[in-house]
$ cat coords_20.csv   # CSV, C-alpha atoms
chain,number,residue,atom,x,y,z
A,2,MET,CA,131.4,148.0,89.8
A,3,HIS,CA,133.9,145.3,90.7
A,4,SER,CA,133.2,142.7,93.3
A,5,ARG,CA,133.9,139.0,93.6
A,6,THR,CA,131.0,136.8,92.3
A,7,VAL,CA,129.9,133.7,94.1
A,8,LEU,CA,127.7,131.2,92.3
A,9,VAL,CA,125.9,128.8,94.7
A,10,THR,CA,124.7,125.5,93.2
A,11,ARG,CA,123.0,122.7,95.2
A,12,MET,CA,123.6,119.4,93.5
A,13,GLY,CA,121.4,116.4,94.4
A,14,VAL,CA,121.5,116.8,98.2
A,15,GLY,CA,119.7,113.8,99.6
A,16,ILE,CA,119.9,111.7,96.4
A,17,PHE,CA,122.3,108.7,96.1
A,18,ASP,CA,121.0,106.7,93.1
A,19,PRO,CA,123.8,106.3,90.5
A,20,VAL,CA,121.4,106.3,87.5
A,21,TRP,CA,119.8,109.6,88.6
A,22,TRP,CA,123.3,111.1,89.0
A,23,ARG,CA,124.6,109.8,85.6
A,24,THR,CA,121.8,111.3,83.7
A,25,ARG,CA,121.6,114.5,85.7
A,26,LEU,CA,125.3,115.1,85.3
A,27,GLY,CA,124.9,114.8,81.6
A,28,LEU,CA,122.5,117.8,81.6
A,29,PHE,CA,124.7,119.7,84.1
A,30,SER,CA,127.8,119.2,82.0
A,31,SER,CA,126.2,120.2,78.7
A,32,ILE,CA,124.2,123.1,80.0
A,33,THR,CA,125.2,124.6,83.4
A,34,ALA,CA,128.9,123.9,83.5
A,35,ALA,CA,129.3,124.8,79.8
A,36,SER,CA,127.7,128.2,80.4
A,37,VAL,CA,129.9,129.0,83.5
A,38,ALA,CA,133.0,127.9,81.6
A,39,ALA,CA,132.0,130.3,78.8
A,40,MET,CA,131.9,133.3,81.1
A,41,GLY,CA,135.6,133.9,80.6
A,42,GLU,CA,138.2,135.3,83.0
A,43,ARG,CA,136.5,137.0,86.0
A,44,ASP,CA,136.7,137.1,89.8
A,45,LEU,CA,134.3,134.2,90.2
A,46,VAL,CA,134.0,131.4,92.7
A,47,TRP,CA,131.5,128.5,92.2
A,48,ALA,CA,130.3,127.1,95.6
A,49,VAL,CA,128.9,123.7,94.9
A,50,LEU,CA,126.9,122.0,97.7
A,51,LEU,CA,126.9,118.2,97.9
A,52,ASP,CA,125.6,115.7,100.3
A,53,SER,CA,128.3,114.7,102.8
A,54,ASP,CA,127.3,111.0,102.3
A,55,LEU,CA,127.6,111.1,98.5
A,56,PRO,CA,129.3,107.8,97.4
A,57,PRO,CA,133.0,108.3,96.3
A,58,SER,CA,132.3,107.0,92.9
A,59,ILE,CA,129.6,109.6,92.2
A,60,LEU,CA,131.7,112.4,93.8
A,61,GLY,CA,134.5,111.3,91.3
A,62,ASP,CA,132.1,111.8,88.4
A,63,VAL,CA,131.2,115.3,89.7
A,64,HIS,CA,134.9,116.2,89.8
A,65,ASP,CA,135.3,114.9,86.3
A,66,VAL,CA,132.7,117.3,84.9
A,67,PHE,CA,134.5,120.3,86.4
A,68,ASP,CA,137.8,119.0,85.2
A,69,ALA,CA,136.5,118.6,81.7
A,70,HIS,CA,135.3,122.2,81.5
A,71,GLY,CA,138.5,123.6,83.1
A,72,LEU,CA,136.6,124.8,86.2
A,73,THR,CA,138.6,122.9,88.9
A,74,ASP,CA,140.2,126.1,90.2
A,75,THR,CA,136.9,127.9,90.3
A,76,VAL,CA,135.0,125.4,92.3
A,77,ARG,CA,134.7,125.2,96.1
A,78,PHE,CA,133.0,122.1,97.4
A,79,HIS,CA,130.8,122.4,100.5
A,80,PHE,CA,129.5,119.2,102.0
A,81,VAL,CA,126.0,119.3,103.6
A,82,PRO,CA,124.9,116.7,106.3
A,83,ASP,CA,121.2,117.0,105.2
A,84,HIS,CA,118.6,119.4,103.9
A,85,SER,CA,118.2,121.0,107.3
A,86,ARG,CA,121.7,122.4,107.0
A,87,LEU,CA,121.4,123.8,103.5
A,88,GLY,CA,120.6,127.3,104.5
A,89,ASP,CA,123.6,127.5,106.9
A,90,THR,CA,125.9,126.0,104.3
A,91,VAL,CA,124.8,128.6,101.7
A,92,ARG,CA,125.5,131.4,104.1
A,93,ALA,CA,128.9,129.9,105.0
A,94,ALA,CA,129.8,129.5,101.4
A,95,ILE,CA,129.2,133.2,100.7
A,96,ARG,CA,130.9,134.4,103.9
A,97,ALA,CA,134.0,132.4,103.1
A,98,GLU,CA,134.7,134.4,99.9
A,99,THR,CA,134.9,138.0,101.2
A,100,HIS,CA,135.9,140.2,104.1
A,101,PRO,CA,132.9,141.0,106.3
A,102,LYS,CA,133.3,144.7,105.5
A,103,ARG,CA,133.4,144.3,101.7
A,104,PRO,CA,130.4,143.7,99.4
A,105,ILE,CA,129.9,140.4,97.5
A,106,HIS,CA,128.0,139.7,94.3
A,107,ALA,CA,126.2,136.3,94.4
A,108,GLN,CA,123.7,134.2,92.6
A,109,MET,CA,121.9,130.9,93.1
A,110,LEU,CA,122.2,128.7,90.0
A,111,ASP,CA,120.3,125.4,89.6
A,112,ASP,CA,122.2,122.5,88.2
A,113,ASP,CA,120.1,122.3,85.0
A,114,ASP,CA,120.0,126.0,84.1
A,115,ALA,CA,122.4,128.4,82.3
A,116,ILE,CA,123.6,132.0,82.5
A,117,SER,CA,125.8,134.3,80.4
A,118,ALA,CA,128.4,136.8,81.3
A,119,ARG,CA,126.1,139.5,80.0
A,120,LEU,CA,123.7,138.9,82.8
A,121,HIS,CA,126.3,139.5,85.5
A,122,ASP,CA,127.8,142.5,83.7
A,123,SER,CA,124.4,144.3,83.3
A,124,HIS,CA,123.5,143.6,87.0
A,125,LEU,CA,126.8,144.9,88.3
A,126,GLU,CA,126.3,148.1,86.4
A,127,ALA,CA,122.8,148.5,88.0
A,128,PHE,CA,123.8,148.1,91.6
A,129,GLU,CA,124.3,151.3,93.6
A,130,PRO,CA,127.1,152.0,96.0
A,131,GLY,CA,126.3,153.1,99.5
A,132,VAL,CA,123.0,151.2,99.9
A,133,ASN,CA,122.9,149.7,103.5
A,134,GLY,CA,120.9,146.5,102.8
A,135,ALA,CA,121.3,143.8,100.2
A,136,GLN,CA,120.4,144.7,96.6
A,137,VAL,CA,118.8,142.4,94.1
A,138,ALA,CA,118.8,142.8,90.3
A,139,THR,CA,116.5,140.7,88.0
A,140,THR,CA,116.3,140.4,84.2
A,141,PRO,CA,112.7,139.2,83.6
A,142,ARG,CA,113.0,138.0,80.0
A,143,GLY,CA,115.0,134.9,79.1
A,144,VAL,CA,114.9,131.5,77.3
A,145,GLY,CA,112.7,128.6,78.3
A,146,ILE,CA,113.6,125.2,76.8
A,147,ASP,CA,111.4,122.2,76.5
A,148,ALA,CA,114.2,119.7,76.6
A,149,PRO,CA,112.3,116.5,75.6
A,150,ARG,CA,110.8,118.1,72.5
A,151,GLY,CA,113.8,120.2,71.6
A,152,ASN,CA,111.9,123.5,71.5
A,153,ARG,CA,112.5,127.0,72.9
A,154,GLY,CA,110.3,129.9,73.8
A,155,GLU,CA,110.5,133.3,75.4
A,156,LEU,CA,110.1,133.1,79.2
A,157,VAL,CA,109.2,136.1,81.3
A,158,TYR,CA,109.6,135.4,85.0
A,159,PRO,CA,110.5,138.3,87.3
A,160,SER,CA,112.4,137.4,90.5
A,161,HIS,CA,113.5,133.9,89.5
A,162,VAL,CA,116.6,131.9,90.4
A,163,PRO,CA,118.5,131.9,87.0
A,164,ASN,CA,117.8,135.6,86.4
A,165,SER,CA,118.4,137.3,89.7
A,166,THR,CA,121.7,138.3,91.4
A,167,PHE,CA,122.5,140.0,94.7
A,168,TYR,CA,124.9,142.6,96.0
A,169,GLY,CA,125.9,143.7,99.5
A,170,SER,CA,127.4,142.3,102.7
A,171,ALA,CA,127.7,138.5,102.8
A,172,ALA,CA,125.3,138.3,105.8
A,173,ASP,CA,122.6,140.4,104.1
A,174,VAL,CA,123.0,138.7,100.7
A,175,GLY,CA,122.8,135.2,102.3
A,176,ASP,CA,119.7,136.1,104.2
A,177,LEU,CA,117.9,137.7,101.2
A,178,MET,CA,118.9,134.8,98.8
A,179,LEU,CA,117.3,132.3,101.2
A,180,SER,CA,114.0,134.1,101.4
A,181,SER,CA,111.2,133.3,99.0
A,182,HIS,CA,112.4,134.0,95.4
A,183,ARG,CA,109.0,135.2,94.4
A,184,LYS,CA,109.3,138.1,96.8
A,185,TRP,CA,113.0,139.0,96.4
A,186,LEU,CA,112.2,142.4,94.8
A,187,THR,CA,109.9,143.5,97.6
A,188,THR,CA,111.8,141.8,100.4
A,189,ALA,CA,115.1,143.6,99.5
A,190,VAL,CA,113.4,147.0,99.8
A,191,GLN,CA,111.6,146.1,103.0
A,192,ARG,CA,115.0,145.1,104.5
A,193,GLY,CA,116.6,148.4,103.7
A,194,GLY,CA,118.2,147.4,100.4
A,195,SER,CA,117.0,148.1,96.8
A,196,ALA,CA,115.7,146.2,93.8
A,197,HIS,CA,116.5,146.7,90.1
A,198,LYS,CA,114.7,145.4,87.0
A,199,VAL,CA,117.3,145.2,84.3
A,200,GLU,CA,116.0,144.9,80.8
A,201,THR,CA,118.4,143.6,78.1
A,202,GLU,CA,118.1,143.2,74.4
A,203,THR,CA,119.7,139.8,74.5
A,204,ASP,CA,118.7,136.5,76.1
A,205,ASP,CA,121.0,136.2,79.1
A,206,TRP,CA,119.6,133.3,81.1
A,207,LEU,CA,118.2,129.9,80.2
A,208,TYR,CA,115.6,127.8,82.2
A,209,LEU,CA,115.2,124.1,81.4
A,210,TYR,CA,112.0,122.1,81.5
A,211,HIS,CA,112.2,118.3,81.8
A,212,ARG,CA,110.4,115.4,83.4
A,213,GLN,CA,112.8,114.9,86.4
A,214,GLY,CA,111.2,117.2,88.9
A,215,ASP,CA,108.3,117.8,91.2
A,216,GLY,CA,106.1,120.0,89.0
A,217,ASP,CA,103.9,118.6,86.3
A,218,TYR,CA,105.9,118.7,83.1
A,219,GLU,CA,103.0,119.0,80.6
A,220,SER,CA,101.2,121.8,82.5
A,221,ARG,CA,104.4,123.8,82.7
A,222,ILE,CA,105.0,123.5,79.0
A,223,ALA,CA,101.4,124.4,78.3
A,224,GLN,CA,102.1,128.0,79.4
A,225,PHE,CA,104.0,128.7,76.2
A,226,GLY,CA,101.0,127.8,74.0
A,227,ASP,CA,102.1,127.7,70.3
A,228,SER,CA,104.9,130.2,70.7
A,229,MET,CA,107.7,127.7,70.9
A,230,ARG,CA,109.9,126.9,67.9
A,231,PRO,CA,112.7,124.3,67.3
A,232,LEU,CA,115.9,124.9,69.2
A,233,THR,CA,119.0,125.8,67.1
A,234,GLN,CA,122.7,126.2,67.8
A,235,ASP,CA,122.3,130.0,67.5
A,236,ASP,CA,120.0,129.9,70.6
A,237,LEU,CA,122.6,128.1,72.6
A,238,SER,CA,125.9,129.7,71.4
A,239,PRO,CA,125.6,132.8,73.7
A,240,PHE,CA,125.7,130.4,76.6
A,241,GLY,CA,128.6,128.3,75.4
A,242,ILE,CA,126.4,125.3,74.9
A,243,ASP,CA,126.9,122.8,72.1
A,244,LEU,CA,123.6,121.7,70.5
A,245,GLU,CA,124.7,118.1,69.9
A,246,ALA,CA,126.1,117.7,73.4
A,247,PHE,CA,122.8,119.1,74.8
A,248,ARG,CA,120.7,116.7,72.7
A,249,ALA,CA,122.8,113.7,73.8
A,250,GLY,CA,122.4,114.7,77.4
A,251,VAL,CA,118.6,115.0,77.0
A,252,VAL,CA,118.3,111.6,75.3
A,253,GLU,CA,120.1,109.9,78.1
A,254,HIS,CA,118.1,111.8,80.7
A,255,GLU,CA,114.9,110.8,79.0
A,256,SER,CA,116.0,107.1,78.9
A,257,THR,CA,115.6,106.6,82.7
A,258,PRO,CA,112.8,104.3,83.9
A,259,GLU,CA,109.5,105.8,84.7
A,260,THR,CA,108.9,106.2,88.5
A,261,MET,CA,107.4,108.7,90.9
A,262,GLY,CA,109.0,111.2,93.3
A,263,LEU,CA,112.3,111.9,91.6
A,264,THR,CA,113.7,114.4,94.1
A,265,TRP,CA,114.8,114.5,97.7
A,266,ARG,CA,111.1,115.0,98.7
A,267,ARG,CA,110.7,111.2,98.8
A,268,THR,CA,112.3,111.5,102.2
A,269,GLN,CA,110.2,114.5,103.3
A,270,PRO,CA,109.0,112.9,106.7
A,271,GLN,CA,112.7,112.2,107.6
A,272,GLN,CA,113.8,115.6,106.4
A,273,TYR,CA,111.3,117.4,108.6
A,274,ALA,CA,112.4,115.3,111.6
A,275,LEU,CA,116.0,116.3,110.8
A,276,LEU,CA,114.9,120.0,110.6
A,277,ASP,CA,113.4,119.7,114.1
A,278,LEU,CA,116.7,118.2,115.4
A,279,HIS,CA,118.5,121.1,113.7
A,280,ARG,CA,116.4,123.7,115.4
A,281,ARG,CA,117.2,122.2,118.7
A,282,THR,CA,120.9,122.0,117.8
A,283,ARG,CA,120.9,125.7,116.9
A,284,ALA,CA,119.4,126.5,120.3
A,285,LEU,CA,122.2,124.6,122.0
A,286,LYS,CA,124.8,126.3,119.8
A,287,GLN,CA,123.4,129.7,120.8
A,288,LYS,CA,124.0,128.7,124.4
A,289,CYS,CA,127.5,127.7,123.6
A,290,ILE,CA,128.0,131.1,122.0
A,291,ARG,CA,126.7,132.9,125.1
A,292,ILE,CA,128.9,130.9,127.4
A,293,ASN,CA,132.1,131.4,125.4
A,294,SER,CA,131.5,135.0,124.5
A,295,ASP,CA,132.6,136.0,128.0
A,296,ILE,CA,135.4,133.6,128.9
A,297,PHE,CA,137.0,136.1,131.3
A,298,GLY,CA,133.7,136.9,133.0
A,299,ALA,CA,130.9,135.0,134.7
A,300,SER,CA,127.8,136.1,132.7
A,301,GLU,CA,126.8,132.4,131.9
A,302,PRO,CA,127.5,129.5,134.3
A,303,PHE,CA,129.5,126.6,132.9
A,304,PHE,CA,131.1,123.4,134.1
A,305,TYR,CA,132.9,120.4,132.5
A,306,LEU,CA,134.2,117.0,133.5
A,307,ARG,CA,137.9,116.3,133.1
A,308,SER,CA,137.8,112.7,134.4
A,309,PRO,CA,136.4,110.1,133.9
A,310,LEU,CA,135.7,110.9,130.3
A,311,PRO,CA,132.0,110.1,129.4
A,312,GLY,CA,131.6,106.7,127.7
A,313,LYS,CA,134.8,105.2,129.1
A,314,SER,CA,135.0,102.0,131.2
A,315,ARG,CA,136.3,102.0,134.7
A,316,LYS,CA,137.3,99.3,137.2
A,317,ALA,CA,135.0,98.6,140.2
A,318,GLY,CA,135.9,100.6,143.3
A,319,ALA,CA,136.5,104.2,143.9
A,320,THR,CA,136.1,106.7,141.1
A,321,GLU,CA,136.8,110.4,141.5
A,322,PHE,CA,134.9,112.8,139.3
A,323,ILE,CA,137.1,115.9,138.7
A,324,GLY,CA,136.2,119.0,136.7
A,325,VAL,CA,136.0,122.8,136.5
A,326,GLY,CA,133.0,125.1,136.8
A,327,THR,CA,131.9,128.6,137.6
A,328,PRO,CA,133.3,129.5,141.1
A,329,GLY,CA,130.7,129.2,143.8
A,330,SER,CA,128.3,127.0,141.8
A,331,ARG,CA,127.2,123.6,143.1
A,332,ILE,CA,127.8,120.3,141.4
A,333,GLU,CA,125.7,117.3,142.2
A,334,LEU,CA,126.3,113.6,141.3
A,335,TRP,CA,123.2,111.6,140.5
A,336,LEU,CA,123.3,107.9,139.6
A,337,LYS,CA,120.8,105.3,138.3
A,338,GLY,CA,121.3,101.6,137.9
A,339,LYS,CA,118.1,99.6,137.4
A,340,ASN,CA,116.0,102.0,139.5
A,341,GLU,CA,115.4,105.8,139.6
A,342,PHE,CA,118.1,108.5,139.9
A,343,LYS,CA,119.5,109.1,143.4
A,344,SER,CA,121.6,111.9,144.6
A,345,MET,CA,125.0,110.5,145.6
A,346,GLY,CA,127.2,113.5,146.3
A,347,THR,CA,127.6,117.3,146.1
A,348,THR,CA,130.4,119.8,146.1
A,349,GLU,CA,131.0,123.4,145.4
A,350,CYS,CA,133.4,124.8,142.7
A,351,GLY,CA,136.3,126.6,144.4
A,352,GLU,CA,137.7,130.0,143.7
A,353,ASP,CA,139.8,128.5,140.8
A,354,GLY,CA,136.7,126.6,139.5
A,355,SER,CA,138.0,123.2,140.5
A,356,TRP,CA,135.6,120.5,141.9
A,357,SER,CA,135.7,116.8,142.7
A,358,ILE,CA,133.3,114.1,144.0
A,359,ARG,CA,134.4,110.7,145.0
A,360,GLN,CA,132.1,107.6,144.6
A,361,ASN,CA,132.4,103.9,145.0
A,362,PHE,CA,131.0,101.7,142.3
A,363,ARG,CA,130.2,98.0,141.8
A,364,ALA,CA,130.4,96.3,138.4
A,365,ALA,CA,127.4,97.4,136.4
A,366,LYS,CA,126.3,99.9,133.7
A,367,TRP,CA,125.4,103.2,135.3
A,368,SER,CA,123.5,106.2,134.1
A,369,VAL,CA,125.2,109.3,135.4
A,370,GLU,CA,124.0,112.9,135.6
A,371,LEU,CA,126.2,115.7,136.8
A,372,ARG,CA,124.0,118.7,137.6
A,373,GLN,CA,125.2,122.3,138.1
A,374,PHE,CA,123.2,124.8,140.3
A,375,VAL,CA,123.7,128.5,140.8
A,376,GLY,CA,121.9,129.0,144.1
A,377,GLN,CA,118.6,127.1,143.6
A,378,THR,CA,118.6,127.5,139.8
A,379,ALA,CA,119.6,124.6,137.6
A,380,ALA,CA,122.2,125.8,135.1
A,381,ASN,CA,123.6,122.8,133.2
A,382,THR,CA,123.3,119.0,133.2
A,383,LEU,CA,125.8,116.4,131.8
A,384,PRO,CA,124.2,113.0,131.3
A,385,PHE,CA,126.3,110.0,130.2
A,386,LYS,CA,126.8,106.2,130.6
A,387,LEU,CA,129.5,104.8,132.9
A,388,ASN,CA,130.5,101.1,132.4
A,389,ILE,CA,132.0,99.7,135.6
A,390,VAL,CA,133.8,96.3,135.0

$ encode --input "coords_20.csv" --output "structure tokens"
Amino acid sequence: MHSRTVLVTRMGVGIFDPVWWRTRLGLFSSITAASVAAMGERDLVWAVLLDSDLPPSILGDVHDVFDAHGLTDTVRFHFVPDHSRLGDTVRAAIRAETHPKRPIHAQMLDDDDAISARLHDSHLEAFEPGVNGAQVATTPRGVGIDAPRGNRGELVYPSHVPNSTFYGSAADVGDLMLSSHRKWLTTAVQRGGSAHKVETETDDWLYLYHRQGDGDYESRIAQFGDSMRPLTQDDLSPFGIDLEAFRAGVVEHESTPETMGLTWRRTQPQQYALLDLHRRTRALKQKCIRINSDIFGASEPFFYLRSPLPGKSRKAGATEFIGVGTPGSRIELWLKGKNEFKSMGTTECGEDGSWSIRQNFRAAKWSVELRQFVGQTAANTLPFKLNIV
């Protein structure tokens, strides 16, 4: 089954420390980027999500890694304002790569794990045509690597990020990918899609354990017991990874100073505040969609101000507020200087939507509210500052 594949990797969103980035990029280059470069010629796009405030020097280092692996033409960078926008950006990255009526193949890939072409090939063979919802395929058995000690073990982890891929419409795939990874297999079926467990005789994905994360390193390694053995080049060759480059990346990664909270979660209080702002932003965006989904009708009342533009300074004297709004709706001008808001004027939008209110001002900083009413129902409010000089 042929379909474009989109890999989605979130890299250090919310982290700006150059030492963290230097050592993390060492692992990313020797492991993740190396494995993608080894996948050969295929219809593949790598969507890489970065923080929009990432310093140019670090962004340059990121570019250098992709250049060194010959992946420049494969990568699409997407810049994220903050963690509250990650989900929307993942969805947008997938939607950008296919026609809405065509299916897409996609996978989340962490920036310290590796995959092989065999994983994708086996999953594409398992997906079924004609299924309405998104499909997920997972290969439970892969390689777990204890990076600091240089050991490897067999890891069985159904429904995990490096071993699961998705197929279906961009909208369905994006929604399923962003649900809990532990429930992907059941969630896909519940949403009208299907789930496939794909067993392979080879190791087709690699998961890295190291100390730069939120989970306790020692307890995570303890799950392997005595089953681990020393890592060899033969273990890494199927992923296009060079053992010596891997060891060098691990040594540098391990050289960082000891500290606590090595991820974006150091800013969790701020991130949750941003998430709340994002929810309110989404609600406002939905209102914008409702208003502008019926431009030639009147299903949602609207108005806007053409002059004076909010935030601009005006000279003392007469100022005329001019705008456009839903015909028949009422526009009220409310002003506040040092005291409470007072109603200073009202007008009705004409048949062509035009409206105007004239008001005299003395020099001062004024708080202005233009309020729109349909009958007695408040529809929209435009608050802004007006500096009269």

$ residues_around --input "coords_20.csv" --residues "Glu255 (chain A)" --least-positions-apart "4" --cutoff "9 Å" --atoms "all atoms listed in the file" --output "MDAnalysis selection string"
chainID A and resid 24 149 211:213 250:251

$ residues_around --input "coords_20.csv" --residues "Val325 (chain A)" --least-positions-apart "6" --cutoff "6 Å" --atoms "all atoms listed in the file" --output "ChimeraX atom specification"
/A:304-305,354-356

$ closest_residue --input "coords_20.csv" --among "A:Ser30, A:Thr257, A:Ser308, A:Asn293" --to "Phe67 (chain A)" --atoms "all atoms listed in the file"
A:Ser30

$ closest_residue --input "coords_20.csv" --among "A:Ile323, A:Ala35, A:Val144, A:Leu387" --to "Asp243 (chain A)" --atoms "all atoms listed in the file"
A:Ala35

$ closest_residue --input "coords_20.csv" --among "A:Gly376, A:Gly324, A:Pro104, A:Pro258" --to "Asp353 (chain A)" --atoms "all atoms listed in the file"
A:Gly324

$ residues_around --input "coords_20.csv" --residues "Val157 (chain A)" --least-positions-apart "3" --cutoff "9 Å" --atoms "only C-alpha atoms" --output "MDAnalysis selection string"
chainID A and resid 140:145

$ residues_around --input "coords_20.csv" --residues "Asp113 (chain A)" --least-positions-apart "2" --cutoff "7 Å" --atoms "only C-alpha atoms" --output "PyMOL selection string"
chain A and resi 28-29+32-33+111+209

$ closest_residue --input "coords_20.csv" --among "A:Lys386, A:Lys366, A:Arg331, A:His197" --to "Thr348 (chain A)" --atoms "all atoms listed in the file"
A:Arg331

$ atom_distance --input "coords_20.csv" --atom1 "CA of Arg5 (chain A)" --atom2 "CA of Leu45 (chain A)"
5.9 Å

$ residues_around --input "coords_20.csv" --residues "region 83-87 of chain A" --least-positions-apart "2" --cutoff "9 Å" --atoms "only C-alpha atoms" --output "list in words"
Arg11, Val14, Gly15, Leu50, Asp52, Ser53, Val81, Asp89, Thr90, Val91, Arg92, Trp265, Gln272, Tyr273, Leu275, Leu276, Asp277, Leu278, His279 and Arg280 of chain A

$ closest_residue --input "coords_20.csv" --among "A:Gly241, A:Gly194, A:Gly169, A:Gly226" --to "Gln108 (chain A)" --atoms "only C-alpha atoms"
A:Gly169

$ atom_distance --input "coords_20.csv" --atom1 "CA of Ala115 (chain A)" --atom2 "CA of Ser36 (chain A)"
5.6 Å

$ atom_distance --input "coords_20.csv" --atom1 "CA of Tyr208 (chain A)" --atom2 "CA of His3 (chain A)"
26.7 Å
